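Peer 1: What follows is the file target_12.cif, containing mmCIF, C-alpha atoms:
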```cif
data_input
loop_
_atom_site.label_atom_id
_atom_site.label_comp_id
_atom_site.auth_asym_id
_atom_site.auth_seq_id
_atom_site.Cartn_x
_atom_site.Cartn_y
_atom_site.Cartn_z
CA MET O 1 15.04 -9.00 -59.86
CA GLU O 2 12.29 -7.37 -57.81
CA ASN O 3 11.76 -3.62 -57.88
CA THR O 4 13.84 -3.05 -61.00
CA PRO O 5 12.87 0.34 -62.45
CA GLU O 6 13.31 1.40 -66.03
CA VAL O 7 15.63 4.38 -66.14
CA LEU O 8 15.32 6.76 -69.09
CA ARG O 9 18.10 9.17 -69.96
CA TYR O 10 17.51 12.50 -71.68
CA ALA O 11 19.78 15.41 -72.60
CA ALA O 12 17.86 18.56 -71.63
CA PHE O 13 18.16 21.83 -73.55
CA SER O 14 19.57 20.01 -76.56
CA THR O 15 18.32 18.47 -79.80
CA THR O 16 21.05 15.82 -79.71
CA PRO O 17 21.94 13.28 -77.01
CA ASP O 18 25.55 14.52 -76.75
CA GLY O 19 24.59 18.12 -75.91
CA GLY O 20 22.81 19.85 -73.06
CA ASN O 21 22.52 18.47 -69.54
CA PRO O 22 21.87 14.75 -69.02
CA ALA O 23 19.11 13.77 -66.60
CA ALA O 24 17.91 10.35 -65.53
CA LEU O 25 14.19 9.71 -65.23
CA VAL O 26 12.18 7.03 -63.48
CA LEU O 27 8.59 7.34 -64.67
CA ASP O 28 7.25 4.86 -62.12
CA ALA O 29 8.98 4.78 -58.73
CA ARG O 30 5.98 3.62 -56.69
CA HIS O 31 7.85 0.52 -55.53
CA LEU O 32 11.03 2.32 -54.48
CA ASP O 33 11.68 3.74 -51.06
CA GLU O 34 13.92 6.78 -50.58
CA ALA O 35 17.06 4.64 -50.29
CA GLY O 36 16.16 2.92 -53.54
CA MET O 37 15.63 6.23 -55.33
CA LEU O 38 18.97 7.51 -54.10
CA ALA O 39 20.63 4.25 -55.16
CA VAL O 40 19.32 4.70 -58.71
CA ALA O 41 20.62 8.29 -58.81
CA ALA O 42 24.00 7.18 -57.50
CA ALA O 43 24.24 4.32 -60.01
CA VAL O 44 23.43 6.60 -62.95
CA GLY O 45 25.82 9.29 -61.72
CA TYR O 46 24.14 12.26 -63.40
CA ALA O 47 23.85 15.55 -61.54
CA GLU O 48 20.12 14.88 -61.03
CA THR O 49 17.58 12.10 -61.41
CA ALA O 50 13.83 12.80 -61.40
CA VAL O 51 11.54 10.09 -60.07
CA VAL O 52 7.76 9.99 -60.38
CA THR O 53 6.53 8.67 -57.05
CA GLU O 54 2.81 8.96 -57.80
CA GLN O 55 0.91 9.24 -61.07
CA ALA O 56 -2.57 10.69 -61.62
CA VAL O 57 -2.64 12.50 -58.29
CA ASP O 58 -6.23 13.01 -57.09
CA GLY O 59 -7.43 11.34 -60.28
CA ASP O 60 -5.82 13.94 -62.56
CA PRO O 61 -3.85 12.05 -65.26
CA SER O 62 -1.69 15.13 -65.96
CA ARG O 63 -0.55 15.56 -62.35
CA SER O 64 2.39 13.68 -60.82
CA ARG O 65 4.38 13.73 -57.61
CA VAL O 66 8.06 14.11 -58.42
CA ARG O 67 11.22 13.93 -56.32
CA TYR O 68 14.73 14.86 -57.41
CA PHE O 69 18.00 13.24 -56.34
CA SER O 70 21.65 13.99 -56.91
CA PRO O 71 24.05 11.05 -56.56
CA ILE O 72 24.45 11.90 -52.86
CA ALA O 73 21.19 13.48 -51.62
CA GLU O 74 17.66 14.57 -52.41
CA VAL O 75 17.38 18.10 -53.86
CA PRO O 76 14.27 20.33 -53.78
CA PHE O 77 14.04 21.16 -57.50
CA CYS O 78 15.94 20.69 -60.75
CA GLY O 79 15.10 22.65 -63.88
CA HIS O 80 16.83 20.52 -66.52
CA ALA O 81 15.42 17.26 -65.13
CA THR O 82 11.96 18.86 -65.11
CA ILE O 83 12.29 19.80 -68.79
CA ALA O 84 13.50 16.27 -69.60
CA LEU O 85 10.67 14.68 -67.63
CA ALA O 86 8.03 16.77 -69.39
CA VAL O 87 9.42 15.80 -72.80
CA ALA O 88 9.48 12.12 -71.80
CA LEU O 89 5.89 12.24 -70.55
CA SER O 90 4.85 14.06 -73.71
CA ALA O 91 6.42 11.29 -75.78
CA ARG O 92 4.45 8.73 -73.77
CA ASP O 93 1.13 10.54 -73.23
CA GLY O 94 1.02 13.31 -75.85
CA ALA O 95 1.85 16.99 -75.55
CA GLY O 96 -0.08 19.24 -73.22
CA SER O 97 0.02 20.62 -69.71
CA PHE O 98 1.60 18.64 -66.88
CA THR O 99 1.51 19.57 -63.22
CA PHE O 100 4.27 18.30 -60.97
CA ASP O 101 4.08 18.69 -57.21
CA THR O 102 7.07 21.03 -57.35
CA PRO O 103 7.19 24.85 -57.54
CA VAL O 104 6.32 24.80 -61.28
CA VAL O 105 3.72 23.90 -63.89
CA ILE O 106 5.01 22.42 -67.14
CA GLU O 107 3.68 23.01 -70.64
CA THR O 108 4.73 21.00 -73.67
CA ALA O 109 4.10 21.67 -77.35
CA GLY O 110 4.95 19.86 -80.56
CA GLU O 111 5.19 16.20 -81.46
CA GLY O 112 7.82 13.51 -81.74
CA ALA O 113 11.37 14.84 -81.74
CA ASP O 114 10.11 18.45 -81.91
CA VAL O 115 8.60 18.68 -78.43
CA THR O 116 9.50 21.80 -76.46
CA ALA O 117 8.85 21.99 -72.72
CA SER O 118 8.45 25.17 -70.67
CA PHE O 119 8.22 25.80 -66.94
CA THR O 120 7.11 28.94 -65.18
CA ALA O 121 9.25 29.74 -62.16
CA VAL O 122 8.10 31.25 -58.90
CA GLU O 123 7.89 35.00 -58.28
CA PRO O 124 11.43 36.37 -58.69
CA GLN O 125 13.59 38.20 -56.16
CA VAL O 126 17.02 39.85 -56.23
CA ALA O 127 19.36 40.62 -53.32
CA GLU O 128 22.62 42.55 -53.10
CA PHE O 129 25.91 40.92 -52.17
CA ASP O 130 27.63 41.59 -48.92
CA ASP O 131 30.85 43.32 -50.00
CA ALA O 132 33.10 40.80 -48.24
CA VAL O 133 31.23 37.82 -49.70
CA LEU O 134 31.45 39.24 -53.23
CA ALA O 135 35.17 39.92 -52.81
CA GLU O 136 35.71 36.35 -51.58
CA LEU O 137 33.76 34.84 -54.48
CA LEU O 138 35.57 36.93 -57.07
CA GLY O 139 38.90 36.05 -55.48
CA LEU O 140 38.11 32.33 -55.70
CA LEU O 141 37.53 32.77 -59.46
CA GLY O 142 40.63 34.89 -59.96
CA LEU O 143 38.47 37.88 -60.88
CA GLY O 144 38.14 41.45 -59.62
CA GLN O 145 35.37 44.03 -59.74
CA ARG O 146 37.11 45.58 -62.74
CA ASP O 147 36.54 42.37 -64.71
CA LEU O 148 32.75 42.59 -64.41
CA ASP O 149 30.57 44.22 -67.06
CA PRO O 150 29.58 47.61 -65.56
CA ALA O 151 26.16 47.41 -67.25
CA TYR O 152 25.31 44.29 -65.24
CA PRO O 153 25.92 44.71 -61.49
CA PRO O 154 26.62 41.58 -59.43
CA ARG O 155 23.56 40.34 -57.56
CA ILE O 156 22.06 37.20 -56.02
CA ALA O 157 18.90 36.25 -57.91
CA TYR O 158 16.05 33.97 -56.88
CA SER O 159 13.52 32.12 -58.98
CA GLY O 160 13.15 28.92 -56.99
CA ASN O 161 16.80 28.78 -55.87
CA TRP O 162 19.27 31.57 -54.98
CA HIS O 163 22.00 32.01 -57.61
CA PRO O 164 24.88 34.49 -57.46
CA VAL O 165 25.01 36.22 -60.88
CA LEU O 166 28.27 37.64 -62.23
CA VAL O 167 28.63 39.06 -65.76
CA VAL O 168 32.22 38.99 -67.02
CA ALA O 169 33.03 41.71 -69.55
CA ASP O 170 35.90 40.11 -71.47
CA ARG O 171 35.19 36.99 -73.53
CA THR O 172 38.71 35.58 -73.19
CA LEU O 173 38.66 35.96 -69.42
CA PHE O 174 35.19 34.43 -69.27
CA ASP O 175 36.45 31.41 -71.20
CA SER O 176 39.66 31.00 -69.23
CA PHE O 177 38.94 31.66 -65.55
CA GLY O 178 39.34 28.68 -63.25
CA PHE O 179 38.51 27.83 -59.66
CA GLU O 180 39.22 25.37 -56.89
CA PRO O 181 35.98 23.36 -56.57
CA GLU O 182 36.29 22.57 -52.85
CA ALA O 183 36.90 26.20 -51.92
CA VAL O 184 33.91 27.37 -53.96
CA ARG O 185 31.75 24.63 -52.45
CA ARG O 186 32.71 25.73 -48.92
CA LEU O 187 31.65 29.30 -49.67
CA MET O 188 28.40 28.11 -51.27
CA ASP O 189 27.58 25.97 -48.24
CA VAL O 190 28.27 28.81 -45.82
CA GLN O 191 26.08 31.21 -47.84
CA GLY O 192 23.30 28.68 -48.40
CA TRP O 193 23.67 28.70 -52.19
CA ALA O 194 22.33 25.21 -52.88
CA ALA O 195 22.31 25.46 -56.67
CA THR O 196 24.95 27.06 -58.94
CA VAL O 197 27.13 30.13 -59.14
CA THR O 198 26.07 31.70 -62.44
CA THR O 199 28.67 33.48 -64.54
CA LEU O 200 27.64 35.12 -67.80
CA HIS O 201 29.10 36.94 -70.78
CA ARG O 202 26.91 39.05 -73.04
CA ILE O 203 27.48 37.99 -76.65
CA ALA O 204 24.72 39.98 -78.40
CA GLU O 205 21.56 41.90 -77.66
CA GLY O 206 19.30 39.54 -75.74
CA GLU O 207 21.87 36.72 -75.80
CA PHE O 208 24.33 35.48 -73.19
CA GLU O 209 26.71 32.60 -72.71
CA ALA O 210 26.72 31.00 -69.26
CA ARG O 211 29.06 28.95 -67.11
CA ASN O 212 27.28 27.57 -64.07
CA LEU O 213 29.71 26.48 -61.37
CA PHE O 214 28.38 23.42 -59.56
CA PRO O 215 31.11 21.69 -57.54
CA VAL O 216 29.61 18.40 -56.36
CA GLY O 217 31.48 15.12 -56.52
CA ALA O 218 33.25 14.76 -59.86
CA ILE O 219 31.21 17.61 -61.38
CA THR O 220 32.55 21.16 -61.41
CA GLU O 221 30.36 22.92 -64.00
CA ASP O 222 26.78 22.19 -64.99
CA PRO O 223 26.14 21.81 -68.75
CA ALA O 224 22.67 23.45 -68.78
CA THR O 225 20.85 24.85 -65.77
CA GLY O 226 17.14 25.64 -66.05
CA ALA O 227 16.83 27.00 -62.52
CA ALA O 228 19.78 29.33 -63.10
CA ALA O 229 18.26 30.52 -66.39
CA ALA O 230 15.09 31.41 -64.48
CA ALA O 231 17.20 33.32 -61.96
CA VAL O 232 18.94 35.21 -64.79
CA GLY O 233 15.53 36.19 -66.13
CA ALA O 234 14.60 37.43 -62.65
CA TYR O 235 17.86 39.38 -62.41
CA LEU O 236 17.40 41.08 -65.79
CA LEU O 237 13.75 41.89 -65.12
CA ILE O 238 14.04 43.31 -61.61
CA LEU O 239 17.13 45.40 -62.42
CA GLY O 240 15.37 46.86 -65.47
CA LEU O 241 17.94 45.44 -67.88
CA VAL O 242 15.20 44.14 -70.20
CA GLU O 243 11.87 45.66 -71.13
CA PRO O 244 9.13 43.08 -70.54
CA PRO O 245 7.88 41.09 -72.23
CA ALA O 246 11.33 40.08 -73.42
CA ARG O 247 13.05 36.94 -74.65
CA VAL O 248 16.64 36.10 -73.73
CA LEU O 249 18.73 33.25 -75.14
CA ILE O 250 21.32 31.58 -72.91
CA ARG O 251 23.95 29.33 -74.42
CA GLN O 252 25.62 26.99 -71.96
CA GLY O 253 27.72 23.85 -71.93
CA ARG O 254 30.43 24.70 -74.46
CA HIS O 255 33.06 24.75 -71.72
CA VAL O 256 32.27 21.17 -70.70
CA GLY O 257 31.75 19.80 -74.19
CA ARG O 258 27.92 19.63 -74.07
CA PRO O 259 26.55 22.79 -75.73
CA GLY O 260 22.88 23.58 -75.23
CA LEU O 261 20.37 26.41 -75.54
CA LEU O 262 17.94 27.75 -72.94
CA THR O 263 15.19 30.23 -73.81
CA VAL O 264 14.03 32.63 -71.10
CA ASP O 265 10.88 34.74 -71.41
CA THR O 266 10.39 37.53 -68.90
CA PRO O 267 6.75 38.65 -68.56
CA ALA O 268 5.57 41.96 -67.17
CA ALA O 269 4.21 40.11 -64.12
CA GLY O 270 4.76 36.67 -62.61
CA GLY O 271 7.64 34.25 -62.86
CA THR O 272 10.05 33.85 -65.72
CA VAL O 273 9.41 31.07 -68.24
CA VAL O 274 12.25 28.75 -69.23
CA SER O 275 11.90 26.62 -72.37
CA GLY O 276 13.95 23.97 -74.08
CA THR O 277 14.00 20.69 -75.90
CA ALA O 278 15.33 17.33 -74.76
CA ALA O 279 16.82 14.41 -76.68
CA ARG O 280 16.58 10.76 -75.66
CA ILE O 281 19.83 9.07 -74.66
CA PRO O 282 19.93 5.25 -74.93
CA SER O 283 18.37 4.06 -71.68
CA THR O 284 19.17 1.25 -69.34
CA THR O 285 17.55 -0.74 -66.58
CA LEU O 286 19.04 -0.62 -63.10
CA ALA O 287 18.39 -2.86 -60.15
CA SER O 288 17.37 -0.90 -57.08
CA SER O 289 18.87 -1.36 -53.68
CA ASP O 290 16.71 -2.65 -50.84
CA GLY O 291 13.46 -0.88 -51.58
CA GLY O 292 9.98 -0.76 -50.17
#
```
What would the structure in this file look like if it were written as structure tokens?

Peer 2:
Amino acid sequence: MENTPEVLRYAAFSTTPDGGNPAALVLDARHLDEAGMLAVAAAVGYAETAVVTEQAVDGDPSRSRVRYFSPIAEVPFCGHATIALAVALSARDGAGSFTFDTPVVIETAGEGADVTASFTAVEPQVAEFDDAVLAELLGLLGLGQRDLDPAYPPRIAYSGNWHPVLVVADRTLFDSFGFEPEAVRRLMDVQGWAATVTTLHRIAEGEFEARNLFPVGAITEDPATGAAAAAVGAYLLILGLVEPPARVLIRQGRHVGRPGLLTVDTPAAGGTVVSGTAARIPSTTLASSDGG
């Protein structure tokens, strides 16, 4: 078969293949056109697939052009696939600094199964909710203002993507709330929230648990969301809820059976830094569709 790419599978933000957020990786997609890349992503069926379309850009062996695809469309950026890709490249080429033609620069450290990857997000921003939009979102989750932790006001945070951030005070309610995926997706589309709705519960000083709502296809919640973790760091920093430099741990994925851990460092200046590991999942080879 011509144009048959090797597809690697990694679980990002996890030390085991059955935790964290699975991402598919194509380390050499030079012979695939856009339809072929999308076909690979659709065949794998993960939330995102990262494809390296050009290696050694401008003669720099550490720089790659990368595109990201969901099973149905190209997406501008994906944090967990970026972490997974950096770990995979580190396994192939050795740890160090990698530059992807995306909004981030990646650093890796360690060797073998102990590689940790970190990306620095763009300059953070935070916006307030429109009252009616917040009321609609809370209503779709079966929540009210009284259910939110008063120490953490609801906001929309940006660190590459805009993420609504809600902090639920009660652990039982945080674990049990449900939502109608299509209704949440409609609101997200109207508001231009292309990533996830981030719900949190504070479990200790400097530690949160997250549920990231991501209704797309058969998926309703994301197991581990690097871009959302960066947005949470932005939220905490700009609202003065942490004293920089600070480290925050975010546990995510328990609610969908794939627990993982994301580490967020908030500097005094610049973008937040999200770090995590990634574990190799047994890979496969997929035939592309008609490709260039």

Peer 1: Let me make sure I understand: among O:Pro76, O:Pro215, O:Gly240, O:Pro223, which one has the smallest atom-to-atom distance to Pro181 of chain O if we use only C-alpha atoms?

Peer 2: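 Of O:Pro76, O:Pro215, O:Gly240, O:Pro223, the one nearest Pro181 of chain O, counting only C-alpha atoms, is O:Pro215.
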
Peer 1: Find the residues of segment 8-27 of chain O that sit at most 10 Å from segment 250-256 of chain O; for each, write down the nearest two atoms and how far apart they are in Å, to one decimal. Count only C-alpha atoms. Sort by chain, then by number going up, and give it as a Markdown table.

Peer 2:
```
| residue | atom | partner | partner_atom | distance |
| --- | --- | --- | --- | --- |
| O:Phe13 | CA | O:Gln252 | CA | 9.2 |
| O:Gly19 | CA | O:Gly253 | CA | 7.6 |
| O:Gly20 | CA | O:Gly253 | CA | 6.4 |
| O:Asn21 | CA | O:Gly253 | CA | 7.9 |
```

Peer 1: Write out as a list in words which residues come within 8 Å of Ala41 of chain O when counting all atoms listed in the file, dropping same-chain ones fewer than 5 positions away.

Peer 2: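 Contacts, in chain order: Ala24, Tyr46, Glu48, Thr49, Phe69, Ser70, Pro71 and Ile72 of chain O.
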
Peer 1: Which residues would end up in the selection if the PyMOL selection byres ((chain O and resi 149-161) around 8) were applied here, given that I need the answer as a PyMOL selection string?

Peer 2: chain O and resi 77+103+121-129+146-148+162-169+193-195+227-228+230-232+234-235+241+271-272

Peer 1: Run the PyMOL selection byres ((chain O and resi 105) around 12) on the file and write out the hits as a ChimeraX atom specification.

Peer 2: /O:62-65,79,82-83,86,96-104,106-108,117-122,271-274

Peer 1: Nearest to Val87 of chain O among O:Ala12, O:Val51, O:Ile203, O:Ala42, with distances taken over only C-alpha atoms: which residue is it?

Peer 2: O:Ala12

Peer 1: Enter the distance from atom CA of Ala43 of chain O to atom CA of Ser90 of chain O, in Å, rounded to one decimal.

Peer 2: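 That distance, rounded to one decimal, is 25.7 Å.
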
Peer 1: Which of these residues is nearest to Arg186 of chain O, using only C-alpha atoms: O:Gly226, O:Phe208, O:Leu140, O:Ile219?

Peer 2: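 Selected residue with least distance to Arg186 of chain O: O:Leu140.
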
Peer 1: Atom CA of Ile238 of chain O and atom CA of Asp265 of chain O are how many Å apart?

Peer 2: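 Separation of atom CA of Ile238 of chain O and atom CA of Asp265 of chain O: 13.4 Å.
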
Peer 1: Please report the interatomic distance between atom CA of Ala278 of chain O and atom CA of His31 of chain O in Å with one decimal.

Peer 2: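 Atom CA of His31 of chain O lies at a distance of 26.6 Å from atom CA of Ala278 of chain O.
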
Peer 1: Of the candidates O:Met188, O:Ile281, O:Thr116, O:Ala268, which shows the shortest atom-to-atom distance to Glu243 of chain O, using only C-alpha atoms?

Peer 2: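 Of O:Met188, O:Ile281, O:Thr116, O:Ala268, the one nearest Glu243 of chain O is O:Ala268, counting only C-alpha atoms.
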